[in-house]
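S.K.: File entry-v4.pdb follows (PDB, C-alpha atoms):
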ATOM      1  CA  MET A   1     -34.787 -11.603 -40.643
ATOM      2  CA  LYS A   2     -31.878 -13.788 -41.785
ATOM      3  CA  ALA A   3     -32.299 -12.463 -45.297
ATOM      4  CA  PHE A   4     -32.342  -8.891 -44.015
ATOM      5  CA  VAL A   5     -29.091  -9.463 -42.103
ATOM      6  CA  GLY A   6     -27.616 -10.873 -45.318
ATOM      7  CA  LEU A   7     -28.601  -7.751 -47.252
ATOM      8  CA  LEU A   8     -27.315  -5.416 -44.541
ATOM      9  CA  CYS A   9     -23.984  -7.227 -44.180
ATOM     10  CA  GLY A  10     -23.552  -7.320 -47.964
ATOM     11  CA  ALA A  11     -24.279  -3.597 -48.264
ATOM     12  CA  LEU A  12     -21.894  -2.762 -45.423
ATOM     13  CA  PHE A  13     -19.204  -4.921 -47.005
ATOM     14  CA  GLY A  14     -19.816  -3.310 -50.402
ATOM     15  CA  VAL A  15     -19.637   0.228 -49.007
ATOM     16  CA  GLY A  16     -16.404  -0.767 -47.264
ATOM     17  CA  LEU A  17     -14.928  -1.988 -50.545
ATOM     18  CA  ALA A  18     -15.953   1.172 -52.427
ATOM     19  CA  VAL A  19     -14.807   3.579 -49.679
ATOM     20  CA  SER A  20     -11.475   1.814 -49.317
ATOM     21  CA  GLY A  21     -10.548   1.884 -53.015
ATOM     22  CA  MET A  22     -10.616  -1.886 -53.509
ATOM     23  CA  THR A  23     -12.985  -1.460 -56.480
ATOM     24  CA  ASP A  24     -10.295   0.541 -58.320
ATOM     25  CA  THR A  25      -8.120  -1.901 -60.295
ATOM     26  CA  ALA A  26      -5.327   0.662 -60.709
ATOM     27  CA  LYS A  27      -5.092   1.151 -56.928
ATOM     28  CA  VAL A  28      -5.043  -2.589 -56.295
ATOM     29  CA  GLN A  29      -2.304  -3.148 -58.852
ATOM     30  CA  GLY A  30      -0.429  -0.175 -57.413
ATOM     31  CA  PHE A  31      -0.628  -1.818 -53.999
ATOM     32  CA  LEU A  32       0.718  -5.082 -55.421
ATOM     33  CA  ASP A  33       3.534  -3.198 -57.208
ATOM     34  CA  LEU A  34       5.822  -3.538 -54.199
ATOM     35  CA  PHE A  35       9.004  -3.247 -56.253
ATOM     36  CA  GLY A  36       7.819  -0.325 -58.387
ATOM     37  CA  ALA A  37       5.759   2.767 -57.593
ATOM     38  CA  TRP A  38       4.248   1.103 -54.509
ATOM     39  CA  VAL A  39       0.953   2.579 -53.284
ATOM     40  CA  PRO A  40       0.695   1.307 -49.696
ATOM     41  CA  ASP A  41      -2.820   2.670 -48.954
ATOM     42  CA  LEU A  42      -4.689  -0.590 -49.377
ATOM     43  CA  ALA A  43      -2.642  -2.279 -46.655
ATOM     44  CA  PHE A  44      -4.909  -0.371 -44.278
ATOM     45  CA  VAL A  45      -7.995  -2.115 -45.674
ATOM     46  CA  MET A  46      -7.062  -5.626 -44.629
ATOM     47  CA  GLY A  47      -5.243  -4.191 -41.623
ATOM     48  CA  GLY A  48      -8.365  -2.396 -40.390
ATOM     49  CA  ALA A  49     -10.672  -5.305 -41.144
ATOM     50  CA  VAL A  50      -8.421  -7.845 -39.430
ATOM     51  CA  CYS A  51      -8.121  -5.644 -36.323
ATOM     52  CA  VAL A  52     -11.907  -5.742 -36.002
ATOM     53  CA  THR A  53     -12.290  -9.490 -36.632
ATOM     54  CA  LEU A  54      -9.324 -10.471 -34.431
ATOM     55  CA  VAL A  55     -10.897  -8.775 -31.422
ATOM     56  CA  ALA A  56     -14.627  -9.226 -32.061
ATOM     57  CA  PHE A  57     -14.541 -12.857 -33.271
ATOM     58  CA  ARG A  58     -13.215 -13.881 -29.811
ATOM     59  CA  PHE A  59     -16.310 -12.527 -28.150
ATOM     60  CA  VAL A  60     -18.751 -13.731 -30.806
ATOM     61  CA  LEU A  61     -17.406 -17.289 -30.744
ATOM     62  CA  LYS A  62     -17.741 -17.451 -26.975
ATOM     63  CA  SER A  63     -21.497 -17.736 -27.306
ATOM     64  CA  LYS A  64     -23.008 -21.188 -27.842
ATOM     65  CA  LYS A  65     -24.798 -20.256 -31.034
ATOM     66  CA  PRO A  66     -25.378 -17.302 -33.338
ATOM     67  CA  LEU A  67     -28.401 -15.047 -32.770
ATOM     68  CA  LEU A  68     -30.444 -16.270 -35.739
ATOM     69  CA  ALA A  69     -29.075 -19.718 -36.596
ATOM     70  CA  PRO A  70     -28.850 -23.038 -34.740
ATOM     71  CA  ARG A  71     -25.043 -23.225 -34.937
ATOM     72  CA  PHE A  72     -21.870 -21.590 -36.211
ATOM     73  CA  SER A  73     -20.915 -22.835 -39.696
ATOM     74  CA  LEU A  74     -17.138 -22.626 -39.526
ATOM     75  CA  PRO A  75     -14.638 -24.120 -41.972
ATOM     76  CA  THR A  76     -13.658 -27.630 -40.884
ATOM     77  CA  LYS A  77     -10.576 -28.133 -43.043
ATOM     78  CA  SER A  78      -7.309 -27.739 -41.206
ATOM     79  CA  ALA A  79      -4.808 -29.403 -43.550
ATOM     80  CA  ILE A  80      -2.096 -27.235 -45.022
ATOM     81  CA  ASP A  81      -1.758 -29.051 -48.317
ATOM     82  CA  GLY A  82      -0.926 -28.598 -51.964
ATOM     83  CA  ARG A  83      -4.521 -27.844 -52.824
ATOM     84  CA  LEU A  84      -4.700 -24.903 -50.416
ATOM     85  CA  LEU A  85      -1.369 -23.414 -51.439
ATOM     86  CA  SER A  86      -1.684 -23.968 -55.189
ATOM     87  CA  GLY A  87      -5.218 -22.541 -55.105
ATOM     88  CA  ALA A  88      -4.031 -19.469 -53.206
ATOM     89  CA  ALA A  89      -1.067 -19.084 -55.574
ATOM     90  CA  ILE A  90      -3.296 -19.245 -58.688
ATOM     91  CA  PHE A  91      -5.768 -16.810 -57.143
ATOM     92  CA  GLY A  92      -2.950 -14.329 -56.430
ATOM     93  CA  ILE A  93      -1.782 -14.485 -60.056
ATOM     94  CA  GLY A  94      -5.301 -13.696 -61.272
ATOM     95  CA  TRP A  95      -5.591 -10.881 -58.746
ATOM     96  CA  GLY A  96      -2.386  -9.333 -60.102
ATOM     97  CA  VAL A  97      -3.398  -9.849 -63.736
ATOM     98  CA  TYR A  98      -6.580  -7.786 -63.516
ATOM     99  CA  GLY A  99      -6.662  -6.137 -60.080
ATOM    100  CA  TYR A 100      -9.872  -7.634 -58.703
ATOM    101  CA  CYS A 101     -10.509 -10.281 -56.089
ATOM    102  CA  PRO A 102     -14.069 -11.711 -55.883
ATOM    103  CA  GLY A 103     -15.730  -9.091 -53.619
ATOM    104  CA  PRO A 104     -14.640  -5.949 -55.453
ATOM    105  CA  ALA A 105     -15.426  -7.600 -58.802
ATOM    106  CA  ILE A 106     -19.047  -8.166 -57.757
ATOM    107  CA  SER A 107     -19.298  -4.700 -56.215
ATOM    108  CA  ALA A 108     -17.877  -3.065 -59.333
ATOM    109  CA  LEU A 109     -20.569  -4.679 -61.522
ATOM    110  CA  GLY A 110     -22.690  -1.665 -60.574
ATOM    111  CA  TYR A 111     -20.259   0.619 -62.431
ATOM    112  CA  LEU A 112     -21.537  -1.022 -65.626
ATOM    113  CA  GLN A 113     -18.165  -1.587 -67.301
ATOM    114  CA  THR A 114     -18.007  -4.373 -69.869
ATOM    115  CA  ASN A 115     -14.670  -5.764 -68.657
ATOM    116  CA  THR A 116     -15.981  -6.197 -65.109
ATOM    117  CA  GLY A 117     -18.888  -8.269 -66.424
ATOM    118  CA  ILE A 118     -16.443 -10.351 -68.450
ATOM    119  CA  PHE A 119     -14.259 -10.816 -65.360
ATOM    120  CA  VAL A 120     -17.166 -12.004 -63.198
ATOM    121  CA  VAL A 121     -18.411 -14.484 -65.822
ATOM    122  CA  ALA A 122     -14.866 -15.845 -66.247
ATOM    123  CA  MET A 123     -14.550 -16.086 -62.449
ATOM    124  CA  LEU A 124     -17.713 -18.206 -62.225
ATOM    125  CA  VAL A 125     -16.419 -20.436 -65.026
ATOM    126  CA  GLY A 126     -13.118 -20.792 -63.161
ATOM    127  CA  MET A 127     -14.951 -21.794 -59.982
ATOM    128  CA  ALA A 128     -16.998 -24.387 -61.850
ATOM    129  CA  LEU A 129     -13.837 -25.811 -63.456
ATOM    130  CA  ALA A 130     -12.092 -26.144 -60.101
ATOM    131  CA  ASN A 131     -15.222 -27.733 -58.666
ATOM    132  CA  ARG A 132     -15.186 -30.340 -61.443
ATOM    133  CA  ILE A 133     -11.535 -31.147 -60.995
ATOM    134  CA  THR A 134     -11.689 -31.484 -57.218
ATOM    135  CA  ARG A 135     -14.772 -33.685 -57.426
ATOM    136  CA  ALA A 136     -13.315 -36.053 -60.019
TER
ATOM    137  CA  MET B   1       1.009  11.348 -49.734
ATOM    138  CA  PHE B   2      -0.513   8.258 -48.165
ATOM    139  CA  ALA B   3      -4.278   8.448 -48.299
ATOM    140  CA  TYR B   4      -4.842   5.955 -45.537
ATOM    141  CA  THR B   5      -8.024   7.348 -43.959
ATOM    142  CA  THR B   6     -10.532   6.017 -46.481
ATOM    143  CA  PRO B   7      -8.835   2.602 -46.767
ATOM    144  CA  LEU B   8      -8.868   2.333 -42.983
ATOM    145  CA  VAL B   9     -12.544   3.347 -42.715
ATOM    146  CA  GLY B  10     -13.407   0.926 -45.526
ATOM    147  CA  GLY B  11     -11.477  -1.845 -43.786
ATOM    148  CA  LEU B  12     -13.282  -1.212 -40.501
ATOM    149  CA  LEU B  13     -16.654  -1.418 -42.291
ATOM    150  CA  ILE B  14     -15.642  -4.704 -43.923
ATOM    151  CA  GLY B  15     -14.580  -6.041 -40.518
ATOM    152  CA  LEU B  16     -17.863  -4.912 -38.975
ATOM    153  CA  SER B  17     -19.809  -6.693 -41.724
ATOM    154  CA  ALA B  18     -17.850  -9.914 -41.100
ATOM    155  CA  VAL B  19     -18.509  -9.694 -37.347
ATOM    156  CA  MET B  20     -22.238  -9.082 -37.830
ATOM    157  CA  LEU B  21     -22.572 -11.998 -40.219
ATOM    158  CA  LEU B  22     -20.809 -14.377 -37.828
ATOM    159  CA  TRP B  23     -22.679 -13.054 -34.801
ATOM    160  CA  CYS B  24     -26.160 -13.189 -36.387
ATOM    161  CA  LEU B  25     -25.997 -16.052 -38.897
ATOM    162  CA  GLY B  26     -22.892 -17.923 -37.744
ATOM    163  CA  ARG B  27     -21.401 -17.590 -41.224
ATOM    164  CA  ILE B  28     -17.977 -16.622 -42.485
ATOM    165  CA  ALA B  29     -18.026 -13.538 -44.727
ATOM    166  CA  GLY B  30     -15.956 -15.109 -47.496
ATOM    167  CA  ILE B  31     -17.164 -13.675 -50.788
ATOM    168  CA  ALA B  32     -15.871 -16.583 -52.881
ATOM    169  CA  GLY B  33     -17.749 -19.041 -50.648
ATOM    170  CA  ILE B  34     -20.938 -16.973 -50.585
ATOM    171  CA  VAL B  35     -20.954 -16.551 -54.372
ATOM    172  CA  TRP B  36     -20.277 -20.250 -54.984
ATOM    173  CA  GLY B  37     -22.938 -21.224 -52.445
ATOM    174  CA  ALA B  38     -25.438 -18.955 -54.181
ATOM    175  CA  VAL B  39     -24.818 -20.130 -57.747
ATOM    176  CA  SER B  40     -24.558 -23.814 -56.797
ATOM    177  CA  ALA B  41     -28.005 -23.604 -55.158
ATOM    178  CA  GLN B  42     -27.142 -24.567 -51.590
ATOM    179  CA  PRO B  43     -30.086 -24.962 -49.208
ATOM    180  CA  ASP B  44     -31.173 -21.903 -47.176
ATOM    181  CA  ASN B  45     -29.790 -19.617 -49.834
ATOM    182  CA  ALA B  46     -31.813 -16.397 -49.550
ATOM    183  CA  TRP B  47     -29.285 -14.669 -47.300
ATOM    184  CA  ARG B  48     -26.499 -15.386 -49.812
ATOM    185  CA  TRP B  49     -28.316 -13.822 -52.751
ATOM    186  CA  LEU B  50     -29.298 -10.838 -50.620
ATOM    187  CA  PHE B  51     -25.705 -10.449 -49.432
ATOM    188  CA  ILE B  52     -24.634 -10.320 -53.102
ATOM    189  CA  LEU B  53     -27.395  -7.801 -53.830
ATOM    190  CA  GLY B  54     -26.129  -5.686 -50.923
ATOM    191  CA  LEU B  55     -22.583  -5.993 -52.242
ATOM    192  CA  LEU B  56     -23.853  -4.436 -55.477
ATOM    193  CA  LEU B  57     -26.157  -1.806 -53.998
ATOM    194  CA  GLY B  58     -23.821  -0.614 -51.211
ATOM    195  CA  PRO B  59     -21.187   0.910 -53.495
ATOM    196  CA  PHE B  60     -23.874   2.356 -55.765
ATOM    197  CA  ALA B  61     -25.476   4.110 -52.773
ATOM    198  CA  TYR B  62     -22.086   5.315 -51.543
ATOM    199  CA  HIS B  63     -20.981   6.809 -54.841
ATOM    200  CA  THR B  64     -24.385   8.420 -55.376
ATOM    201  CA  LEU B  65     -25.049   9.805 -51.882
ATOM    202  CA  ALA B  66     -21.472  10.859 -51.127
ATOM    203  CA  ALA B  67     -21.067  12.174 -54.702
ATOM    204  CA  VAL B  68     -17.808  10.267 -55.115
ATOM    205  CA  PRO B  69     -17.066   9.495 -58.784
ATOM    206  CA  TYR B  70     -16.658   5.871 -59.874
ATOM    207  CA  PRO B  71     -13.052   4.694 -60.145
ATOM    208  CA  THR B  72     -11.442   5.069 -63.562
ATOM    209  CA  PRO B  73     -12.190   1.914 -65.582
ATOM    210  CA  SER B  74      -9.322  -0.497 -66.128
ATOM    211  CA  THR B  75      -7.567   0.042 -69.438
ATOM    212  CA  ALA B  76      -6.718  -3.662 -69.693
ATOM    213  CA  PRO B  77      -7.956  -5.477 -72.824
ATOM    214  CA  TRP B  78     -10.899  -7.885 -72.524
ATOM    215  CA  TRP B  79      -8.735 -10.993 -72.699
ATOM    216  CA  GLN B  80      -6.902  -9.821 -69.592
ATOM    217  CA  ALA B  81     -10.261  -9.696 -67.767
ATOM    218  CA  VAL B  82     -10.955 -13.236 -68.998
ATOM    219  CA  ALA B  83      -7.546 -14.507 -67.858
ATOM    220  CA  GLY B  84      -7.735 -12.729 -64.497
ATOM    221  CA  GLY B  85     -11.287 -13.887 -63.844
ATOM    222  CA  LEU B  86     -10.577 -17.523 -64.739
ATOM    223  CA  LEU B  87      -7.486 -17.652 -62.517
ATOM    224  CA  VAL B  88      -9.228 -15.917 -59.606
ATOM    225  CA  GLY B  89     -12.280 -18.185 -59.788
ATOM    226  CA  PHE B  90     -10.255 -21.367 -60.200
ATOM    227  CA  GLY B  91      -7.810 -20.399 -57.453
ATOM    228  CA  VAL B  92     -10.327 -19.369 -54.801
ATOM    229  CA  LYS B  93     -12.387 -22.521 -55.317
ATOM    230  CA  LEU B  94      -9.331 -24.783 -55.222
ATOM    231  CA  GLY B  95      -7.827 -22.957 -52.255
ATOM    232  CA  SER B  96     -11.180 -22.641 -50.411
ATOM    233  CA  GLY B  97     -11.116 -18.891 -49.957
ATOM    234  CA  CYS B  98     -10.217 -15.404 -51.112
ATOM    235  CA  THR B  99      -9.079 -12.107 -49.618
ATOM    236  CA  SER B 100     -12.124 -11.968 -47.351
ATOM    237  CA  GLY B 101     -12.536 -15.638 -46.395
ATOM    238  CA  HIS B 102      -8.862 -16.348 -45.704
ATOM    239  CA  GLY B 103      -7.568 -12.823 -45.204
ATOM    240  CA  VAL B 104     -10.181 -11.010 -43.127
ATOM    241  CA  CYS B 105     -12.075 -13.883 -41.467
ATOM    242  CA  GLY B 106      -9.513 -16.701 -41.391
ATOM    243  CA  ILE B 107      -6.774 -14.580 -39.850
ATOM    244  CA  GLY B 108      -9.425 -13.195 -37.476
ATOM    245  CA  ARG B 109     -10.046 -16.780 -36.317
ATOM    246  CA  LEU B 110      -6.287 -17.320 -35.934
ATOM    247  CA  SER B 111      -6.313 -20.027 -38.612
ATOM    248  CA  LEU B 112      -2.779 -20.965 -39.663
ATOM    249  CA  ARG B 113      -4.218 -22.356 -42.895
ATOM    250  CA  SER B 114      -5.715 -18.979 -43.754
ATOM    251  CA  LEU B 115      -2.595 -17.061 -42.773
ATOM    252  CA  LEU B 116      -0.473 -19.214 -45.109
ATOM    253  CA  ALA B 117      -3.033 -18.889 -47.912
ATOM    254  CA  THR B 118      -3.043 -15.097 -47.470
ATOM    255  CA  LEU B 119       0.755 -14.858 -47.543
ATOM    256  CA  THR B 120       0.747 -17.064 -50.661
ATOM    257  CA  PHE B 121      -1.763 -15.041 -52.695
ATOM    258  CA  MET B 122      -0.132 -11.774 -51.608
ATOM    259  CA  ALA B 123       3.250 -13.110 -52.769
ATOM    260  CA  THR B 124       2.012 -14.364 -56.154
ATOM    261  CA  GLY B 125      -0.030 -11.173 -56.664
ATOM    262  CA  ILE B 126       3.068  -9.048 -56.049
ATOM    263  CA  ALA B 127       5.178 -11.329 -58.287
ATOM    264  CA  THR B 128       2.584 -11.148 -61.077
ATOM    265  CA  VAL B 129       2.428  -7.341 -61.078
ATOM    266  CA  TYR B 130       6.240  -7.266 -60.986
ATOM    267  CA  VAL B 131       6.458  -9.477 -64.062
ATOM    268  CA  ILE B 132       3.744  -7.588 -65.953
ATOM    269  CA  ARG B 133       5.075  -4.113 -65.172
ATOM    270  CA  HIS B 134       8.811  -4.510 -64.846
ATOM    271  CA  VAL B 135       9.687  -7.583 -66.927
ATOM    272  CA  LEU B 136       7.130  -7.408 -69.728
ATOM    273  CA  GLY B 137       6.896  -3.624 -69.322
ATOM    274  CA  VAL B 138       3.154  -3.266 -69.865
ATOM    275  CA  MET B 139       0.388  -1.539 -67.822
TER
END
Show how you would write the structure in this file as C-alpha cells.

M.R.:
Amino acid sequence: MKAFVGLLCGALFGVGLAVSGMTDTAKVQGFLDLFGAWVPDLAFVMGGAVCVTLVAFRFVLKSKKPLLAPRFSLPTKSAIDGRLLSGAAIFGIGWGVYGYCPGPAISALGYLQTNTGIFVVAMLVGMALANRITRA
Amino acid sequence: MFAYTTPLVGGLLIGLSAVMLLWCLGRIAGIAGIVWGAVSAQPDNAWRWLFILGLLLGPFAYHTLAAVPYPTPSTAPWWQAVAGGLLVGFGVKLGSGCTSGHGVCGIGRLSLRSLLATLTFMATGIATVYVIRHVLGVM
C-alpha cells in the first residue's frame, strides 16, 4: 500500500510537471529571464502548488500520525546558515545554466534526449560530491 | 499572451501530490531528497523508487493520452548539461532541498529556512540567465 501511494504521488507529481511546462527547458529559462523577454507563466506553478500545501498541510499536520506510517518524517534542521544559503545559491546557478531542477529532469528522462540523461547523471555525481564534503 | 491555465493546473496537481504523500506516508515531497534517499539505499525504500517510476511514467502517460507533443529539446551543448547537472546536484544536497522540498513543501510548512532558500535559488537562477543571455549573449 505504501509503495502504491508512492507510485501514485510520483505519477501525479510528474503529470503536474509535464502539464505545467516545467519539463521544457526553454520555458524555465524564459521564466528566469526576468530582465529580458520574461515569460511569467511558470510563476503559477509554484504559486498553485504552494496555495494547496499552505492550506492542506495545516489540516494534515493536525493529526497525530500519517495514515500509513507510524510518524511524520519532517525536516529537523532549523538553522539558517552558510550551508543552506550557499547550497541554494549553487542550485539556482545550475537551474539557470540548463533549465532543469531535479523533478523535471527525472520526468524528462522519458523524452529520451541524450542531454537529459547527461544532466541526471551529472546531478547524481554532484549530490555524491556534496555528500562527501559535508561528511568529511 | 500569458498561458497561465496549464501552469496553474500543473501546480495544483503538484500540490495535491505533496499533500497526499504527507497525509499517507508522512513524507515531504522533495524530489532531491527522495532521489538521494533512493540511490543511497535508505531503509524502507520501495516507495521512493516507485515515486521516481511514477515521476517518469506520469508525463509519458500525459503526453501520450492527451496527444500533447514533447517539449522541444534544449539546444544547449552537452557540457552545459554536465555543468548544470553538477551544480544542481551539489547545490540541492548541500542546501538540503530543491524547488519542491524548499519551495512547495517548505513554504507550505511556513519554514523560514525554506523561504530563504527559495528566494536565494530564484535570485541566483535569474542572475545566471541574465549573465548568460544579456552579458555573454548566448542562448

S.K.: Give the answer as one residue: which of B:Cys98, B:Leu21, B:Ile14, B:Leu8 has the shortest atom-to-atom distance to Ala69 (chain A), using all atoms listed in the file?

M.R.: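 Checking each of B:Cys98, B:Leu21, B:Ile14, B:Leu8 against Ala69 (chain A), counting all atoms listed in the file, the winner is B:Leu21.
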
S.K.: At a cut-off of 8 Å, using only C-alpha atoms, what residues contact Ile31 (chain B)? Leave out same-chain residues fewer than 5 positions from it and give the result as a PDB file with C-alpha atoms, in the frame of the given file.

M.R.:
ATOM      1  CA  PRO A 102     -14.069 -11.711 -55.883  1.00  0.00           C
ATOM      2  CA  GLY A 103     -15.730  -9.091 -53.619  1.00  0.00           C
TER       3      GLY A 103
ATOM      4  CA  CYS B  98     -10.217 -15.404 -51.112  1.00  0.00           C
ATOM      5  CA  SER B 100     -12.124 -11.968 -47.351  1.00  0.00           C
ATOM      6  CA  GLY B 101     -12.536 -15.638 -46.395  1.00  0.00           C
TER       7      GLY B 101
END

S.K.: Any chance you could work out the residue set of the PyMOL selection byres ((chain A and resi 76) around 12) here, as a PyMOL selection string?

M.R.: (chain A and resi 72-75+77-79) or (chain B and resi 28+96+106+111+113)

S.K.: Generate a file of the selected residues that holds C-alpha atoms, formatted as a PDB file, in the coordinates of the input.

M.R.:
ATOM      1  CA  PHE A  72     -21.870 -21.590 -36.211  1.00  0.00           C
ATOM      2  CA  SER A  73     -20.915 -22.835 -39.696  1.00  0.00           C
ATOM      3  CA  LEU A  74     -17.138 -22.626 -39.526  1.00  0.00           C
ATOM      4  CA  PRO A  75     -14.638 -24.120 -41.972  1.00  0.00           C
ATOM      5  CA  LYS A  77     -10.576 -28.133 -43.043  1.00  0.00           C
ATOM      6  CA  SER A  78      -7.309 -27.739 -41.206  1.00  0.00           C
ATOM      7  CA  ALA A  79      -4.808 -29.403 -43.550  1.00  0.00           C
TER       8      ALA A  79
ATOM      9  CA  ILE B  28     -17.977 -16.622 -42.485  1.00  0.00           C
ATOM     10  CA  SER B  96     -11.180 -22.641 -50.411  1.00  0.00           C
ATOM     11  CA  GLY B 106      -9.513 -16.701 -41.391  1.00  0.00           C
ATOM     12  CA  SER B 111      -6.313 -20.027 -38.612  1.00  0.00           C
ATOM     13  CA  ARG B 113      -4.218 -22.356 -42.895  1.00  0.00           C
TER      14      ARG B 113
END

S.K.: If you count only C-alpha atoms, which residues fall within 8 Å of Arg58 (chain A), apart from same-chain ones fewer than 4 positions away, as a ChimeraX atom specification?

M.R.: /A:54,62 /B:109

S.K.: Once the PyMOL selection byres ((chain A and resi 67) around 7) is applied to the coordinates I shared, what remains selected? I want it as a short mmCIF file (atom, residue, chain, number, x, y, z; two decimals) with C-alpha atoms, in the coordinates of the input.

M.R.:
data_model
loop_
_atom_site.label_atom_id
_atom_site.label_comp_id
_atom_site.auth_asym_id
_atom_site.auth_seq_id
_atom_site.Cartn_x
_atom_site.Cartn_y
_atom_site.Cartn_z
CA LYS A 65 -24.80 -20.26 -31.03
CA PRO A 66 -25.38 -17.30 -33.34
CA LEU A 68 -30.44 -16.27 -35.74
CA ALA A 69 -29.08 -19.72 -36.60
CA TRP B 23 -22.68 -13.05 -34.80
CA CYS B 24 -26.16 -13.19 -36.39
CA LEU B 25 -26.00 -16.05 -38.90
#

S.K.: From the list B:Phe60, B:Trp49, B:Tyr130, B:Phe121, which residue is nearest Gly91 (chain B) when using only C-alpha atoms?

M.R.: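 With only C-alpha atoms as the atom set, the closest residue is B:Phe121.
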
S.K.: Which residues, written as a list in words, have at least one atom at most 12 Å from Cys51 (chain A), with only C-alpha atoms counted and residues fewer than 6 positions away on the same chain left out?

M.R.: Phe44, Val45, Phe57 and Arg58 of chain A; Leu8, Val9, Gly11, Leu12, Leu13, Ile14, Gly15, Leu16, Ala18, Val19, Gly103, Val104, Cys105, Ile107, Gly108, Arg109 and Leu110 of chain B

S.K.: For the residues selected in the previous step, produce a file with C-alpha atoms as a PDB file, keeping the file's coordinate frame.

M.R.:
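Result went into again_9.pdb, see below:
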ATOM      1  CA  PHE A  44      -4.909  -0.371 -44.278  1.00  0.00           C
ATOM      2  CA  VAL A  45      -7.995  -2.115 -45.674  1.00  0.00           C
ATOM      3  CA  PHE A  57     -14.541 -12.857 -33.271  1.00  0.00           C
ATOM      4  CA  ARG A  58     -13.215 -13.881 -29.811  1.00  0.00           C
TER       5      ARG A  58
ATOM      6  CA  LEU B   8      -8.868   2.333 -42.983  1.00  0.00           C
ATOM      7  CA  VAL B   9     -12.544   3.347 -42.715  1.00  0.00           C
ATOM      8  CA  GLY B  11     -11.477  -1.845 -43.786  1.00  0.00           C
ATOM      9  CA  LEU B  12     -13.282  -1.212 -40.501  1.00  0.00           C
ATOM     10  CA  LEU B  13     -16.654  -1.418 -42.291  1.00  0.00           C
ATOM     11  CA  ILE B  14     -15.642  -4.704 -43.923  1.00  0.00           C
ATOM     12  CA  GLY B  15     -14.580  -6.041 -40.518  1.00  0.00           C
ATOM     13  CA  LEU B  16     -17.863  -4.912 -38.975  1.00  0.00           C
ATOM     14  CA  ALA B  18     -17.850  -9.914 -41.100  1.00  0.00           C
ATOM     15  CA  VAL B  19     -18.509  -9.694 -37.347  1.00  0.00           C
ATOM     16  CA  GLY B 103      -7.568 -12.823 -45.204  1.00  0.00           C
ATOM     17  CA  VAL B 104     -10.181 -11.010 -43.127  1.00  0.00           C
ATOM     18  CA  CYS B 105     -12.075 -13.883 -41.467  1.00  0.00           C
ATOM     19  CA  ILE B 107      -6.774 -14.580 -39.850  1.00  0.00           C
ATOM     20  CA  GLY B 108      -9.425 -13.195 -37.476  1.00  0.00           C
ATOM     21  CA  ARG B 109     -10.046 -16.780 -36.317  1.00  0.00           C
ATOM     22  CA  LEU B 110      -6.287 -17.320 -35.934  1.00  0.00           C
TER      23      LEU B 110
END

S.K.: So what does the PyMOL selection byres ((chain B and resi 58) around 12) actually pick up in this one, as a VMD selection string?

M.R.: (chain A and resid 7 to 19 103 to 104 106 to 111) or (chain B and resid 10 13 to 14 17 50 to 57 59 to 66)

S.K.: With C-alpha atoms retained, export the selected residues as a PDB file, in the coordinates of the input.

M.R.:
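As a result, result29.pdb now contains:
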ATOM      1  CA  LEU A   7     -28.601  -7.751 -47.252  1.00  0.00           C
ATOM      2  CA  LEU A   8     -27.315  -5.416 -44.541  1.00  0.00           C
ATOM      3  CA  CYS A   9     -23.984  -7.227 -44.180  1.00  0.00           C
ATOM      4  CA  GLY A  10     -23.552  -7.320 -47.964  1.00  0.00           C
ATOM      5  CA  ALA A  11     -24.279  -3.597 -48.264  1.00  0.00           C
ATOM      6  CA  LEU A  12     -21.894  -2.762 -45.423  1.00  0.00           C
ATOM      7  CA  PHE A  13     -19.204  -4.921 -47.005  1.00  0.00           C
ATOM      8  CA  GLY A  14     -19.816  -3.310 -50.402  1.00  0.00           C
ATOM      9  CA  VAL A  15     -19.637   0.228 -49.007  1.00  0.00           C
ATOM     10  CA  GLY A  16     -16.404  -0.767 -47.264  1.00  0.00           C
ATOM     11  CA  LEU A  17     -14.928  -1.988 -50.545  1.00  0.00           C
ATOM     12  CA  ALA A  18     -15.953   1.172 -52.427  1.00  0.00           C
ATOM     13  CA  VAL A  19     -14.807   3.579 -49.679  1.00  0.00           C
ATOM     14  CA  GLY A 103     -15.730  -9.091 -53.619  1.00  0.00           C
ATOM     15  CA  PRO A 104     -14.640  -5.949 -55.453  1.00  0.00           C
ATOM     16  CA  ILE A 106     -19.047  -8.166 -57.757  1.00  0.00           C
ATOM     17  CA  SER A 107     -19.298  -4.700 -56.215  1.00  0.00           C
ATOM     18  CA  ALA A 108     -17.877  -3.065 -59.333  1.00  0.00           C
ATOM     19  CA  LEU A 109     -20.569  -4.679 -61.522  1.00  0.00           C
ATOM     20  CA  GLY A 110     -22.690  -1.665 -60.574  1.00  0.00           C
ATOM     21  CA  TYR A 111     -20.259   0.619 -62.431  1.00  0.00           C
TER      22      TYR A 111
ATOM     23  CA  GLY B  10     -13.407   0.926 -45.526  1.00  0.00           C
ATOM     24  CA  LEU B  13     -16.654  -1.418 -42.291  1.00  0.00           C
ATOM     25  CA  ILE B  14     -15.642  -4.704 -43.923  1.00  0.00           C
ATOM     26  CA  SER B  17     -19.809  -6.693 -41.724  1.00  0.00           C
ATOM     27  CA  LEU B  50     -29.298 -10.838 -50.620  1.00  0.00           C
ATOM     28  CA  PHE B  51     -25.705 -10.449 -49.432  1.00  0.00           C
ATOM     29  CA  ILE B  52     -24.634 -10.320 -53.102  1.00  0.00           C
ATOM     30  CA  LEU B  53     -27.395  -7.801 -53.830  1.00  0.00           C
ATOM     31  CA  GLY B  54     -26.129  -5.686 -50.923  1.00  0.00           C
ATOM     32  CA  LEU B  55     -22.583  -5.993 -52.242  1.00  0.00           C
ATOM     33  CA  LEU B  56     -23.853  -4.436 -55.477  1.00  0.00           C
ATOM     34  CA  LEU B  57     -26.157  -1.806 -53.998  1.00  0.00           C
ATOM     35  CA  PRO B  59     -21.187   0.910 -53.495  1.00  0.00           C
ATOM     36  CA  PHE B  60     -23.874   2.356 -55.765  1.00  0.00           C
ATOM     37  CA  ALA B  61     -25.476   4.110 -52.773  1.00  0.00           C
ATOM     38  CA  TYR B  62     -22.086   5.315 -51.543  1.00  0.00           C
ATOM     39  CA  HIS B  63     -20.981   6.809 -54.841  1.00  0.00           C
ATOM     40  CA  THR B  64     -24.385   8.420 -55.376  1.00  0.00           C
ATOM     41  CA  LEU B  65     -25.049   9.805 -51.882  1.00  0.00           C
ATOM     42  CA  ALA B  66     -21.472  10.859 -51.127  1.00  0.00           C
TER      43      ALA B  66
END
